Amino acid sequence: MEMVSVTGLKKTYVTRFGGHQVEALKNVNLSVEQGEFVAIMGESGSGKTTLLNILAALDTATSGSVVVAGQDLSTIKEKYAAQFRRNHLGFVFQDFNLLDTFTLEDNIYLPLVLNGVSHKEMRQRLQPIATQLGITELLQKYPYEVSGGQKQRCAVARALITNPKLILADEPTGALDSKASDSLLELFHQINETGQTILMVTHSVLAASHASRMLFIRDGEVFHQIYRGTDTNEQFYQKISDTLTLLAGGKQA
Amino acid sequence: MRQGFYQKIATTGIRNNRKMYLPYMCITGMFVMIYYIMHYLSDMEYPAGMRGISILRTTMPMACEIVAMFSLIFLFYISTFLLRKRSREFGLYRILGMDKGNLCRIMFHEQLFSGLISIAGGIFCGILCSKLAEMLLYQMFQQPVSYAFHIPWTAVCSTAAIYAAIQLVLLIKAMWIVRRSNPLILFSGSRTGEKPPKANWLLAIAGILILATAYYMAVTIENPLSAFTKFFIAVLLVIIATYLLFIAGSVAFCKLLQKNKRFYYHQKHFVPVSSMVYRMKRNGAGLASICILSTIVLVTVSCISCLYFGTEKEVRDMYPYDMELDLIANDLNIPEIQEKLETQFSAYEDQITDETSFFSAQTVGVIDHHILTIPEEMDWTLSADHIRAIVVLSTEDYTKLTGEQVSLQPQECLLYPSGTSYPYDTLIIANGATYTVKEVLQQFHSDFSVDSVVAVIASFILVVPDLDTFCAPFEGMESRLGNPLVPVYWEYAFNLTCDHNKQIQLSAQMKQEIEQLLPEDTTFSWTSYAEELEDSQGANASLFFIGGLVTLVFFCATVLIIYYKQISEGYEDERNFAIMQRIGMKKTEIHQAIRTQMRMVFLLPVLFAGIHMLFAFGFTSKILILFGVFDTSYMALVTFFSFIGFAILYTIIYRITTESYYQIVSAAH
Ligand SMILES: Nc1ncnc2c1ncn2[C@@H]1O[C@H](COP(=O)(O)OP(=O)(O)OP(=O)(O)O)[C@@H](O)[C@H]1O
Ligand SMILES: [Mg+2]
């Protein structure tokens, strides 16, 4: 089944003064099957975050069609967009975006509370996830009391607890050291094995090498993509590095 | 050149923080303006025709001092708050290589700049508005307004001096804060989250207990004259308790809510309750200040309105007749005096109506069950439960006053207890007669005016068959002041058909005639309703005016605190709401959550102010009795409407400032 299907997506920002237009996405065509783990790479300003925001119905496309989990996002109303996000999507951000006023546990519960799930059921759902992520001991702490990697694991738990069909991650390893990013990527891998679809924006080749497919965006278009096939992580890493060097060279030429 | 550099940094510093500094400078200017106007009005020469203006002249300097004092405290509080908000900025300057001395120089220029603008602006507006205030005052006194415009330099100078001194204090504080600023603050940053507040149960419970004590004290006060200190202590306790409850109690309450899982993990409660804990911790003190300021505003406004709008009724209650002569009749030959008076006043026959006269014995006694002692020296430290004002009338005069027929046996009396009850059927006067109480009257309808002090303490009005028999045992005894122990007053009163101005003229004329006609050195009191009315109207207008100005100061302060609270909340919540939206909260849900919190946070102070006012009502109403407002239901009505008016105004301000909050929050998405 197709989880994400984007055709002819265009996004133009009109700057506040003078009506100057920025074309963040020119013509994006993209299709992601259920159970895929897709990494998206691209230079700064190439439109990656914009794409994720549109997939999450946080922003609307200027033109083109966007269908996520069978829902056409170009016609969705704000009211339903929030509900759609809550029920079908999980978000992981570069800077964790945990709420300081909640304990880690309450942070994870937030989407469920919004859905009106009972406290008992929330606890039941959290337990296996917390064990898997190794944060059971930390649940009563506040975000300021734990490390970056621990925060990110908590953010992942928050993304997973609603059992979303699609997980969107915007540079999830950006603020982590190599050890913490490794274990996070390993975790993504495990989650992906259980059948969840993941779309991850990253600047790190190492991170991208955990994916099953790598998309390269440049100037608002999907410029190139590589499939892992049967490669090991190391082989895929090498492939990606080679391609990047090639692309960089090609650009200079 | 270097000088110019610091000035430039200082002005950009203010400009970049204008959302914070503009209101601050405005309010400083406002305080300067009001102070100037008050000074201007108290220094002015008033025409002799303005009766009661003396109250304004004597009270205004005190009000000036209050405003100056309050300005100092309040501006100190606000400027500290503003500097704290900028600690990151100062940290940055330090990292960029400025030392403490440089920062102090920037502070100096900032203070100079903002101080000069607000003082100059304030005085300028003050000069413009002073004439307006003067005209308003003349209008209230129904006097013709003069259009001459003048600027008293003493007022200008002293206003400038006082506020320059305040600015100096603020500057010292600012330099102190800047000196302690630490570049590391940039890295610790307010972003990384603050510790979750802990509930301090001890303080919370202390708050509840102190408040309960204070309320109990305020409610049980009976005699406002002797209990002024008690009331003052109660006020202090209420202030302390308010701070404790807002700072510790609120957090404890939220924690309690969080413990209740079913309540806490609910769509509607989850976000508001959890952020409320932080909000209350950060804003507890500010909200408590809002609450106390609101209470002050409310109580002042309601008392002054009571006085001002009820002036005519108050004066009429005290002086039922247009003209009234009171004499201590014990050593006088009243029938002879009355005859002389009537002959004398026959000249005004066509204007005099409703002429009347009667006797009453008035004294103070101590009641113990059914025994009433009239002591030669009153012990005012006795509990108010035992002190009774005593007014004695004869049946004859009782009938004259109330129109009700009674016939009493020699040893019988009627008793009307006011502000108390009387459960016995005999009344023994120590050293005097013993009466059987034939009837305890439930009502006493008459034009007979009780003295205001009498109205404050509980009193008995006795109706006896013969006044002389009642007084006989005390014949020749004197109180400490040299008056007869049981003075018998003779009151001679009548109404006039002419208008008030004519009445005031006649009053002076009649007073002279009475003086000549009475035996030499007789003390008497001669009051004219019209004169008293003009005096009271003048006095009440003065109070109303001063109270209005002072209230304005307090009110502006309240508004500013609310504004700052909203703004800083806005900046703090901006990020959180962006996150919540990503997690899947609808915009409407977010707005709902914001609204719930804001409403709870900002309605709490008014709610408490209302409750404080309710408990103070018992006391304030008794104080008002001293000023001649006897009608409690009227007071309650005015108080109620003051509260409603205040609540409406508060809501409007809350709405407007909420707008600026929304602007900040929604700028995030
Ligand atoms: N709200 C906005 N208004 C105007 N222009 C915007 C807005 N958001 C993004 N842009 C522009 O759109 C382009 C793409 O931005 P986007 O954030 O998607 O880049 P990115 O690929 O995520 O970059 P990075 O790797 O640095 O995060 C940029 O040129 C940016 O300036
Ligand atoms: Mg980005």
# chains A, B, ... in the order shown; residues from 1 in each chain; ligands from 1

$ interface_residues --of "chain A" --to "chain B" --cutoff "9 Å" --atoms "only C-alpha atoms" --output "ChimeraX atom specification"
/A:56,58,78-87,89-91,97-102,106,109-119,142-145,158-159

$ residues_near_ligand --ligand "ligand 2" --cutoff "10 Å" --atoms "only C-alpha atoms and all ligand atoms" --output "PyMOL selection string"
chain A and resi 42-53+93-94+170-171+201-203

$ write_last_selection --atoms "all heavy atoms" --output "compact mmCIF listing (two decimals), in the first residue's frame"
# COMPACT_ATOMS: atom_id res chain seq x y z
N GLY A 42 19.84 16.84 1.49
CA GLY A 42 19.84 18.01 0.62
C GLY A 42 20.49 19.17 1.34
O GLY A 42 20.58 19.17 2.57
N GLU A 43 20.89 20.16 0.57
CA GLU A 43 21.57 21.30 1.17
C GLU A 43 20.60 22.09 2.04
O GLU A 43 19.39 21.97 1.90
CB GLU A 43 22.09 22.23 0.08
CG GLU A 43 23.15 21.62 -0.79
CD GLU A 43 23.34 22.47 -2.03
OE1 GLU A 43 22.89 23.63 -2.04
OE2 GLU A 43 23.92 21.94 -3.00
N SER A 44 21.21 22.91 2.81
CA SER A 44 20.39 23.80 3.64
C SER A 44 19.58 24.72 2.73
O SER A 44 20.10 25.26 1.76
CB SER A 44 21.30 24.62 4.54
OG SER A 44 20.52 25.43 5.35
N GLY A 45 18.31 24.85 3.01
CA GLY A 45 17.47 25.75 2.22
C GLY A 45 16.90 25.08 0.98
O GLY A 45 16.26 25.73 0.17
N SER A 46 17.10 23.77 0.86
CA SER A 46 16.62 23.12 -0.35
C SER A 46 15.14 22.75 -0.26
O SER A 46 14.54 22.32 -1.24
CB SER A 46 17.45 21.87 -0.64
OG SER A 46 17.45 21.04 0.50
N GLY A 47 14.56 22.86 0.90
CA GLY A 47 13.11 22.66 1.02
C GLY A 47 12.71 21.40 1.75
O GLY A 47 11.55 20.98 1.67
N LYS A 48 13.61 20.79 2.50
CA LYS A 48 13.29 19.53 3.19
C LYS A 48 12.25 19.73 4.28
O LYS A 48 11.25 19.00 4.35
CB LYS A 48 14.57 18.95 3.82
CG LYS A 48 15.71 18.79 2.83
CD LYS A 48 16.94 18.23 3.49
CE LYS A 48 17.56 19.12 4.55
NZ LYS A 48 18.20 20.35 4.10
N THR A 49 12.50 20.74 5.12
CA THR A 49 11.55 20.99 6.21
C THR A 49 10.19 21.36 5.64
O THR A 49 9.15 20.94 6.15
CB THR A 49 12.09 22.09 7.13
OG1 THR A 49 13.36 21.68 7.63
CG2 THR A 49 11.15 22.34 8.28
N THR A 50 10.23 22.16 4.57
CA THR A 50 8.97 22.55 3.94
C THR A 50 8.19 21.32 3.51
O THR A 50 6.98 21.22 3.75
CB THR A 50 9.27 23.43 2.70
OG1 THR A 50 10.17 24.46 3.09
CG2 THR A 50 8.00 24.02 2.15
N LEU A 51 8.89 20.36 2.93
CA LEU A 51 8.22 19.14 2.47
C LEU A 51 7.59 18.39 3.65
O LEU A 51 6.42 18.00 3.61
CB LEU A 51 9.24 18.23 1.76
CG LEU A 51 8.71 16.88 1.28
CD1 LEU A 51 7.60 17.09 0.24
CD2 LEU A 51 9.82 16.03 0.69
N LEU A 52 8.36 18.24 4.73
CA LEU A 52 7.81 17.53 5.89
C LEU A 52 6.60 18.25 6.46
O LEU A 52 5.61 17.62 6.83
CB LEU A 52 8.87 17.40 7.00
CG LEU A 52 9.94 16.32 6.88
CD1 LEU A 52 10.51 16.00 8.24
CD2 LEU A 52 9.37 15.06 6.27
N ASN A 53 6.69 19.57 6.52
CA ASN A 53 5.56 20.34 7.05
C ASN A 53 4.31 20.13 6.22
O ASN A 53 3.20 20.05 6.75
CB ASN A 53 5.90 21.82 7.11
CG ASN A 53 6.78 22.15 8.30
OD1 ASN A 53 6.90 21.34 9.21
ND2 ASN A 53 7.39 23.32 8.29
N PHE A 93 11.74 15.74 16.31
CA PHE A 93 12.44 16.93 15.83
C PHE A 93 13.90 16.94 16.25
O PHE A 93 14.31 16.26 17.18
CB PHE A 93 11.81 18.20 16.41
CG PHE A 93 10.36 18.30 16.13
CD1 PHE A 93 9.42 17.81 17.03
CD2 PHE A 93 9.91 18.93 14.98
CE1 PHE A 93 8.08 17.91 16.78
CE2 PHE A 93 8.56 19.03 14.74
CZ PHE A 93 7.63 18.52 15.63
N GLN A 94 14.62 17.81 15.56
CA GLN A 94 16.03 17.99 15.88
C GLN A 94 16.20 18.45 17.32
O GLN A 94 17.03 17.94 18.06
CB GLN A 94 16.63 19.02 14.93
CG GLN A 94 18.03 19.40 15.29
CD GLN A 94 18.61 20.34 14.25
OE1 GLN A 94 17.98 20.69 13.27
NE2 GLN A 94 19.85 20.73 14.46
N ASP A 170 12.65 15.18 11.54
CA ASP A 170 13.41 16.27 10.92
C ASP A 170 14.75 16.40 11.64
O ASP A 170 14.79 16.90 12.76
CB ASP A 170 12.61 17.57 10.99
CG ASP A 170 13.19 18.63 10.06
OD1 ASP A 170 14.28 18.40 9.51
OD2 ASP A 170 12.54 19.68 9.91
N GLU A 171 15.80 15.92 11.03
CA GLU A 171 17.13 15.93 11.62
C GLU A 171 17.13 15.45 13.07
O GLU A 171 17.53 16.18 13.97
CB GLU A 171 17.72 17.33 11.54
CG GLU A 171 17.95 17.76 10.10
CD GLU A 171 18.51 19.17 10.03
OE1 GLU A 171 19.40 19.47 10.82
OE2 GLU A 171 18.03 19.94 9.19
N VAL A 201 14.55 13.31 7.58
CA VAL A 201 15.42 14.30 6.97
C VAL A 201 16.74 14.30 7.73
O VAL A 201 16.73 14.28 8.96
CB VAL A 201 14.79 15.70 7.04
CG1 VAL A 201 15.83 16.77 6.74
CG2 VAL A 201 13.63 15.81 6.08
N THR A 202 17.85 14.28 7.03
CA THR A 202 19.12 14.28 7.75
C THR A 202 20.24 14.93 6.94
O THR A 202 20.16 15.05 5.72
CB THR A 202 19.53 12.85 8.14
OG1 THR A 202 20.73 12.89 8.88
CG2 THR A 202 19.74 11.98 6.91
N HIS A 203 21.26 15.39 7.62
CA HIS A 203 22.45 15.92 6.96
C HIS A 203 23.59 14.92 7.04
O HIS A 203 24.64 15.14 6.47
CB HIS A 203 22.89 17.22 7.65
CG HIS A 203 22.08 18.40 7.24
ND1 HIS A 203 22.16 18.93 5.97
CD2 HIS A 203 21.17 19.14 7.91
CE1 HIS A 203 21.34 19.96 5.89
NE2 HIS A 203 20.71 20.11 7.05

$ residues_around --residues "Met214 in chain A" --least-positions-apart "3" --cutoff "9 Å" --atoms "only C-alpha atoms" --output "list in words"
Phe37, Val38, Ala39, Ile40, Met41, Ala208, Ser209, Ala211, His224, Gln225, Ile226, Tyr227, Arg228 and Ile240 of chain A

$ write_last_selection --atoms "N, CA and C atoms" --output "PDB file, in the first residue's frame"
ATOM      1  N   PHE A  37      11.722   2.838   4.933  1.00  0.00           N
ATOM      2  CA  PHE A  37      12.477   3.760   5.780  1.00  0.00           C
ATOM      3  C   PHE A  37      13.251   4.649   4.814  1.00  0.00           C
ATOM      4  N   VAL A  38      12.736   5.869   4.621  1.00  0.00           N
ATOM      5  CA  VAL A  38      13.300   6.746   3.606  1.00  0.00           C
ATOM      6  C   VAL A  38      14.088   7.875   4.258  1.00  0.00           C
ATOM      7  N   ALA A  39      15.310   8.089   3.788  1.00  0.00           N
ATOM      8  CA  ALA A  39      16.079   9.235   4.261  1.00  0.00           C
ATOM      9  C   ALA A  39      16.075  10.306   3.193  1.00  0.00           C
ATOM     10  N   ILE A  40      15.954  11.569   3.611  1.00  0.00           N
ATOM     11  CA  ILE A  40      15.969  12.673   2.657  1.00  0.00           C
ATOM     12  C   ILE A  40      17.174  13.535   2.972  1.00  0.00           C
ATOM     13  N   MET A  41      18.004  13.784   1.972  1.00  0.00           N
ATOM     14  CA  MET A  41      19.148  14.655   2.176  1.00  0.00           C
ATOM     15  C   MET A  41      19.065  15.825   1.224  1.00  0.00           C
ATOM     16  N   ALA A 208      21.761   8.471   7.182  1.00  0.00           N
ATOM     17  CA  ALA A 208      21.055   8.072   5.970  1.00  0.00           C
ATOM     18  C   ALA A 208      21.334   6.611   5.619  1.00  0.00           C
ATOM     19  N   SER A 209      22.509   6.123   6.004  1.00  0.00           N
ATOM     20  CA  SER A 209      22.881   4.761   5.623  1.00  0.00           C
ATOM     21  C   SER A 209      22.053   3.699   6.342  1.00  0.00           C
ATOM     22  N   ALA A 211      18.829   3.842   6.276  1.00  0.00           N
ATOM     23  CA  ALA A 211      17.540   3.817   5.594  1.00  0.00           C
ATOM     24  C   ALA A 211      17.520   2.753   4.500  1.00  0.00           C
ATOM     25  N   HIS A 224      17.611  13.076  -7.072  1.00  0.00           N
ATOM     26  CA  HIS A 224      18.253  11.777  -7.238  1.00  0.00           C
ATOM     27  C   HIS A 224      17.770  10.845  -6.149  1.00  0.00           C
ATOM     28  N   GLN A 225      17.773   9.528  -6.408  1.00  0.00           N
ATOM     29  CA  GLN A 225      17.513   8.603  -5.307  1.00  0.00           C
ATOM     30  C   GLN A 225      18.287   7.309  -5.462  1.00  0.00           C
ATOM     31  N   ILE A 226      18.626   6.700  -4.319  1.00  0.00           N
ATOM     32  CA  ILE A 226      19.382   5.458  -4.320  1.00  0.00           C
ATOM     33  C   ILE A 226      18.647   4.440  -3.462  1.00  0.00           C
ATOM     34  N   TYR A 227      18.537   3.220  -3.970  1.00  0.00           N
ATOM     35  CA  TYR A 227      17.956   2.132  -3.172  1.00  0.00           C
ATOM     36  C   TYR A 227      19.070   1.348  -2.518  1.00  0.00           C
ATOM     37  N   ARG A 228      18.801   0.848  -1.325  1.00  0.00           N
ATOM     38  CA  ARG A 228      19.784   0.040  -0.640  1.00  0.00           C
ATOM     39  C   ARG A 228      19.918  -1.338  -1.296  1.00  0.00           C
ATOM     40  N   ILE A 240      26.287   6.134  -0.784  1.00  0.00           N
ATOM     41  CA  ILE A 240      25.761   7.496  -0.591  1.00  0.00           C
ATOM     42  C   ILE A 240      26.901   8.507  -0.687  1.00  0.00           C
TER      43      ILE A 240
END

$ residues_around --residues "Val251 in chain B" --least-positions-apart "4" --cutoff "10 Å" --atoms "only C-alpha atoms" --output "PyMOL selection string"
chain B and resi 197-201+204+245-247+255-257+276-281+284

$ residues_around --residues "Val406 in chain B" --least-positions-apart "2" --cutoff "10 Å" --atoms "only C-alpha atoms" --output "CSV table (one decimal) with C-alpha atoms, in the first residue's frame"
chain,number,residue,atom,x,y,z
B,395,THR,CA,-44.3,60.0,76.8
B,396,GLU,CA,-45.5,63.4,75.8
B,398,TYR,CA,-42.6,60.6,72.2
B,399,THR,CA,-46.1,61.1,71.0
B,403,GLY,CA,-47.4,60.3,66.5
B,404,GLU,CA,-48.0,57.2,68.6
B,408,LEU,CA,-47.5,54.5,81.1
B,414,LEU,CA,-40.8,51.6,76.7
B,463,VAL,CA,-39.6,56.3,77.0
B,465,PRO,CA,-43.6,58.8,82.1

$ select_by_dssp --residues "range 124-221 of chain A" --states "helix (DSSP H, G or I)" --output "number ranges by chain"
A: 124-133, 136-138, 143-145, 148-160, 178-193, 205-208

$ write_last_selection --atoms "C-alpha atoms" --output "JSON list (two decimals), in the first residue's frame"
[["chain", "number", "residue", "atom", "x", "y", "z"],
["A", 124, "GLN", "CA", -0.45, 0.05, 29.49],
["A", 125, "ARG", "CA", 0.63, 1.47, 26.16],
["A", 126, "LEU", "CA", 3.63, 3.30, 27.54],
["A", 127, "GLN", "CA", 5.10, 0.35, 29.39],
["A", 128, "PRO", "CA", 6.43, -1.71, 26.45],
["A", 129, "ILE", "CA", 7.61, 1.35, 24.56],
["A", 130, "ALA", "CA", 9.45, 2.70, 27.58],
["A", 131, "THR", "CA", 11.15, -0.64, 28.13],
["A", 132, "GLN", "CA", 12.16, -0.83, 24.49],
["A", 133, "LEU", "CA", 13.60, 2.69, 24.60],
["A", 136, "THR", "CA", 11.47, 3.51, 32.26],
["A", 137, "GLU", "CA", 13.66, 4.91, 35.01],
["A", 138, "LEU", "CA", 13.48, 8.44, 33.65],
["A", 143, "PRO", "CA", 13.25, 17.53, 30.46],
["A", 144, "TYR", "CA", 15.84, 19.82, 32.05],
["A", 145, "GLU", "CA", 17.07, 16.93, 34.19],
["A", 148, "GLY", "CA", 19.98, 15.18, 24.90],
["A", 149, "GLY", "CA", 19.91, 11.52, 23.89],
["A", 150, "GLN", "CA", 17.46, 10.71, 26.64],
["A", 151, "LYS", "CA", 15.27, 13.60, 25.59],
["A", 152, "GLN", "CA", 15.30, 12.41, 22.02],
["A", 153, "ARG", "CA", 14.32, 8.89, 23.09],
["A", 154, "CYS", "CA", 11.47, 10.38, 25.02],
["A", 155, "ALA", "CA", 10.42, 12.37, 21.95],
["A", 156, "VAL", "CA", 10.47, 9.15, 19.98],
["A", 157, "ALA", "CA", 8.30, 7.49, 22.59],
["A", 158, "ARG", "CA", 5.86, 10.36, 22.22],
["A", 159, "ALA", "CA", 5.83, 9.85, 18.46],
["A", 160, "LEU", "CA", 5.29, 6.11, 18.81],
["A", 178, "SER", "CA", 27.67, 9.82, 17.70],
["A", 179, "LYS", "CA", 26.86, 7.24, 20.36],
["A", 180, "ALA", "CA", 23.41, 8.65, 21.02],
["A", 181, "SER", "CA", 22.70, 8.94, 17.29],
["A", 182, "ASP", "CA", 23.77, 5.37, 16.76],
["A", 183, "SER", "CA", 21.37, 4.02, 19.31],
["A", 184, "LEU", "CA", 18.58, 6.24, 17.98],
["A", 185, "LEU", "CA", 19.15, 5.01, 14.44],
["A", 186, "GLU", "CA", 19.25, 1.44, 15.67],
["A", 187, "LEU", "CA", 15.92, 2.12, 17.30],
["A", 188, "PHE", "CA", 14.45, 3.53, 14.09],
["A", 189, "HIS", "CA", 15.64, 0.42, 12.39],
["A", 190, "GLN", "CA", 13.85, -1.80, 14.90],
["A", 191, "ILE", "CA", 10.67, 0.21, 14.63],
["A", 192, "ASN", "CA", 10.86, -0.01, 10.90],
["A", 193, "GLU", "CA", 11.22, -3.80, 11.16],
["A", 205, "VAL", "CA", 25.49, 10.22, 5.67],
["A", 206, "LEU", "CA", 25.82, 7.84, 8.56],
["A", 207, "ALA", "CA", 22.23, 8.41, 9.53],
["A", 208, "ALA", "CA", 21.06, 8.07, 5.97]]

$ residues_around --residues "Ala285 in chain B" --least-positions-apart "6" --cutoff "12 Å" --atoms "only C-alpha atoms" --output "number ranges by chain"
B: 77, 81, 239-250, 279, 291-292, 561, 565, 605

$ residues_around --residues "Leu171 in chain B" --least-positions-apart "2" --cutoff "12 Å" --atoms "only C-alpha atoms" --output "count of residues only"
29

$ atom_distance --atom1 "CA of Ala430 in chain B" --atom2 "CA of Thr373 in chain B"
5.0 Å

$ closest_atom_pairs --of "range 385-425 of chain B" --to "range 357-370 of chain B" --cutoff "9 Å" --atoms "only C-alpha atoms" --output "CSV"
residue,atom,partner,partner_atom,distance
B:Asp385,CA,B:Ile367,CA,8.4
B:His386,CA,B:Ile367,CA,5.1
B:Ile387,CA,B:Val366,CA,4.8
B:Arg388,CA,B:Gly365,CA,5.3
B:Ala389,CA,B:Val364,CA,4.5
B:Ile390,CA,B:Thr363,CA,5.2
B:Val391,CA,B:Gln362,CA,4.6
B:Val392,CA,B:Ala361,CA,4.9
B:Leu393,CA,B:Ser360,CA,5.0
B:Ser394,CA,B:Ser360,CA,7.6
B:Glu396,CA,B:Phe358,CA,9.0
B:Asp397,CA,B:Phe358,CA,5.8
B:Tyr398,CA,B:Phe358,CA,8.9
B:Lys400,CA,B:Phe358,CA,8.1
B:Leu401,CA,B:Phe358,CA,8.4
B:Tyr422,CA,B:His370,CA,8.4
B:Pro423,CA,B:His370,CA,8.7
B:Tyr424,CA,B:His370,CA,6.4
B:Asp425,CA,B:His370,CA,8.3

$ atom_distance --atom1 "CA of Leu325 in chain B" --atom2 "CA of Pro519 in chain B"
14.8 Å

$ closest_atom_pairs --of "range 105-224 of chain A" --to "range 19-31 of chain A" --cutoff "10 Å" --atoms "only C-alpha atoms" --output "tab-separated table"
residue	atom	partner	partner_atom	distance
A:Leu215	CA	A:Leu30	CA	9.2
A:Ile217	CA	A:Val28	CA	8.9
A:Arg218	CA	A:Leu25	CA	9.2
A:Asp219	CA	A:Leu25	CA	7.2
A:Gly220	CA	A:Leu25	CA	3.8
A:Glu221	CA	A:Val28	CA	5.1
A:Val222	CA	A:Val28	CA	5.8
A:Phe223	CA	A:Val28	CA	9.2

$ closest_residue --among "A:Thr7, A:Thr232, A:Thr60, A:Gln196" --to "ligand 1" --atoms "only C-alpha atoms and all ligand atoms"
A:Thr60

$ atom_distance --atom1 "CA of Gln143 in chain B" --atom2 "CA of Leu543 in chain B"
17.1 Å

$ decode --residues "range 134-139 of chain A" --atoms "all heavy atoms" --output "compact mmCIF listing (two decimals), in the first residue's frame"
# COMPACT_ATOMS: atom_id res chain seq x y z
N GLY A 134 14.32 2.06 26.83
CA GLY A 134 15.17 2.16 28.01
C GLY A 134 15.01 3.47 28.77
O GLY A 134 15.97 4.05 29.25
N ILE A 135 13.78 3.95 28.87
CA ILE A 135 13.58 5.21 29.60
C ILE A 135 12.66 5.03 30.79
O ILE A 135 12.22 6.00 31.40
CB ILE A 135 12.98 6.31 28.68
CG1 ILE A 135 11.74 5.79 27.96
CG2 ILE A 135 14.01 6.80 27.70
CD1 ILE A 135 10.99 6.86 27.21
N THR A 136 12.40 3.77 31.16
CA THR A 136 11.47 3.51 32.26
C THR A 136 11.87 4.25 33.54
O THR A 136 11.03 4.80 34.24
CB THR A 136 11.40 2.01 32.55
OG1 THR A 136 11.31 1.33 31.31
CG2 THR A 136 10.21 1.67 33.41
N GLU A 137 13.18 4.28 33.78
CA GLU A 137 13.66 4.91 35.01
C GLU A 137 13.50 6.44 34.99
O GLU A 137 13.50 7.09 36.02
CB GLU A 137 15.16 4.61 35.21
CG GLU A 137 15.52 3.14 35.09
CD GLU A 137 14.90 2.34 36.20
OE1 GLU A 137 15.11 2.73 37.36
OE2 GLU A 137 14.18 1.36 35.92
N LEU A 138 13.41 6.98 33.78
CA LEU A 138 13.48 8.44 33.65
C LEU A 138 12.12 9.11 33.66
O LEU A 138 12.03 10.33 33.68
CB LEU A 138 14.16 8.80 32.32
CG LEU A 138 15.55 8.22 32.08
CD1 LEU A 138 15.99 8.53 30.67
CD2 LEU A 138 16.53 8.82 33.08
N LEU A 139 11.06 8.29 33.61
CA LEU A 139 9.75 8.85 33.30
C LEU A 139 9.30 9.98 34.21
O LEU A 139 8.61 10.90 33.80
CB LEU A 139 8.69 7.73 33.30
CG LEU A 139 8.82 6.80 32.09
CD1 LEU A 139 7.80 5.68 32.17
CD2 LEU A 139 8.65 7.58 30.80
